[in-house]
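**Student:** This structure is in structure tokens; I'll ask about it shortly.
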Amino acid sequence: IIVSLTFIFYGTIMILKKKNFDLFQILVGLCGGAMIFLTFVSADMKRLNYNWYIFAIGEGLILFSGIKSFLPTK
């Protein structure tokens, strides 16, 4: 549910802002998504406890990338 809400938020920002995202924003968002994906894969493969710390960092990166579009540009 958390990941779904994050991507709905991020997609809504991209549609409403209709702004060209800079390369930094795109890379930060992709890194966040990759970190979340890796937490899902590693928890499934190793049968270990879920790594919520890396998940939170990935979520933070995605949210930062989306919120950065509201900040004034130079």
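Order determines the names: the first chain of the structure tokens is A, the second B, and so forth; residues in each chain are numbered 1 upward, and ligands are numbered 1 upward as they are shown.
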Using only C-alpha atoms, which residues sit within 9 Å of range 60-65 of chain A once same-chain residues fewer than 3 positions away are excluded, as a PDB file with N, CA and C atoms, in the first residue's frame?

**Tutor:**
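As a result, out_18.pdb now contains:
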```pdb
ATOM      1  N   THR A   6       2.811   6.005  -2.920  1.00  0.00           N
ATOM      2  CA  THR A   6       3.946   6.822  -3.337  1.00  0.00           C
ATOM      3  C   THR A   6       3.963   7.013  -4.834  1.00  0.00           C
ATOM      4  N   PHE A   7       3.737   5.942  -5.593  1.00  0.00           N
ATOM      5  CA  PHE A   7       3.750   6.063  -7.043  1.00  0.00           C
ATOM      6  C   PHE A   7       2.537   6.837  -7.567  1.00  0.00           C
ATOM      7  N   PHE A   9       1.217   9.368  -5.920  1.00  0.00           N
ATOM      8  CA  PHE A   9       1.645  10.734  -5.632  1.00  0.00           C
ATOM      9  C   PHE A   9       2.638  11.229  -6.684  1.00  0.00           C
ATOM     10  N   TYR A  10       3.626  10.410  -6.985  1.00  0.00           N
ATOM     11  CA  TYR A  10       4.670  10.790  -7.942  1.00  0.00           C
ATOM     12  C   TYR A  10       4.092  10.959  -9.347  1.00  0.00           C
ATOM     13  N   PHE A  24      18.858  14.923 -12.404  1.00  0.00           N
ATOM     14  CA  PHE A  24      19.053  14.578 -10.996  1.00  0.00           C
ATOM     15  C   PHE A  24      17.773  14.010 -10.403  1.00  0.00           C
ATOM     16  N   GLN A  25      16.645  14.640 -10.675  1.00  0.00           N
ATOM     17  CA  GLN A  25      15.366  14.167 -10.158  1.00  0.00           C
ATOM     18  C   GLN A  25      15.036  12.783 -10.673  1.00  0.00           C
ATOM     19  N   ILE A  26      15.265  12.569 -11.930  1.00  0.00           N
ATOM     20  CA  ILE A  26      14.960  11.268 -12.522  1.00  0.00           C
ATOM     21  C   ILE A  26      15.840  10.183 -11.915  1.00  0.00           C
ATOM     22  N   LEU A  27      17.133  10.470 -11.767  1.00  0.00           N
ATOM     23  CA  LEU A  27      18.045   9.473 -11.203  1.00  0.00           C
ATOM     24  C   LEU A  27      17.728   9.174  -9.746  1.00  0.00           C
ATOM     25  N   VAL A  28      17.380  10.196  -8.979  1.00  0.00           N
ATOM     26  CA  VAL A  28      17.025   9.972  -7.569  1.00  0.00           C
ATOM     27  C   VAL A  28      15.771   9.109  -7.477  1.00  0.00           C
ATOM     28  N   GLY A  29      14.766   9.391  -8.304  1.00  0.00           N
ATOM     29  CA  GLY A  29      13.555   8.587  -8.310  1.00  0.00           C
ATOM     30  C   GLY A  29      13.812   7.143  -8.718  1.00  0.00           C
ATOM     31  N   LEU A  30      14.650   6.952  -9.726  1.00  0.00           N
ATOM     32  CA  LEU A  30      14.986   5.584 -10.156  1.00  0.00           C
ATOM     33  C   LEU A  30      15.776   4.828  -9.093  1.00  0.00           C
ATOM     34  N   CYS A  31      16.700   5.505  -8.432  1.00  0.00           N
ATOM     35  CA  CYS A  31      17.467   4.852  -7.357  1.00  0.00           C
ATOM     36  C   CYS A  31      16.551   4.440  -6.209  1.00  0.00           C
ATOM     37  N   GLY A  32      15.607   5.310  -5.878  1.00  0.00           N
ATOM     38  CA  GLY A  32      14.646   4.958  -4.827  1.00  0.00           C
ATOM     39  C   GLY A  32      13.811   3.753  -5.198  1.00  0.00           C
ATOM     40  N   GLY A  33      13.334   3.723  -6.429  1.00  0.00           N
ATOM     41  CA  GLY A  33      12.555   2.569  -6.894  1.00  0.00           C
ATOM     42  C   GLY A  33      13.377   1.294  -6.914  1.00  0.00           C
ATOM     43  N   PHE A  55      14.085   0.182   2.740  1.00  0.00           N
ATOM     44  CA  PHE A  55      12.789   0.543   2.171  1.00  0.00           C
ATOM     45  C   PHE A  55      12.472   2.004   2.461  1.00  0.00           C
ATOM     46  N   ALA A  56      12.696   2.450   3.680  1.00  0.00           N
ATOM     47  CA  ALA A  56      12.418   3.842   4.055  1.00  0.00           C
ATOM     48  C   ALA A  56      13.315   4.813   3.290  1.00  0.00           C
ATOM     49  N   ILE A  57      14.564   4.455   3.083  1.00  0.00           N
ATOM     50  CA  ILE A  57      15.471   5.310   2.311  1.00  0.00           C
ATOM     51  C   ILE A  57      14.983   5.410   0.869  1.00  0.00           C
ATOM     52  N   LYS A  68      10.738  17.881  -4.964  1.00  0.00           N
ATOM     53  CA  LYS A  68      11.692  18.826  -5.554  1.00  0.00           C
ATOM     54  C   LYS A  68      11.064  19.609  -6.702  1.00  0.00           C
ATOM     55  N   SER A  69      10.042  19.073  -7.335  1.00  0.00           N
ATOM     56  CA  SER A  69       9.406  19.785  -8.445  1.00  0.00           C
ATOM     57  C   SER A  69       8.629  21.003  -7.947  1.00  0.00           C
TER      58      SER A  69
END
```

**Student:** As a list in words, please: the residues near Asn49 in chain A (cut-off 12 Å, only C-alpha atoms, same-chain neighbours under 6 positions excluded).

**Tutor:**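 Residues meeting the cut-off are Thr39, Phe40, Val41, Ser42 and Ala43 of chain A.
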
**Student:** So what do you get for CA of Val3 in chain A versus CA of Asp22 in chain A, distance-wise?

**Tutor:** 22.7 Å

**Student:** Between A:Ile8, A:Ile54, A:Ile2, A:Ile13, which has the minimum distance to Ile67 in chain A (counting only C-alpha atoms)?

**Tutor:** A:Ile13
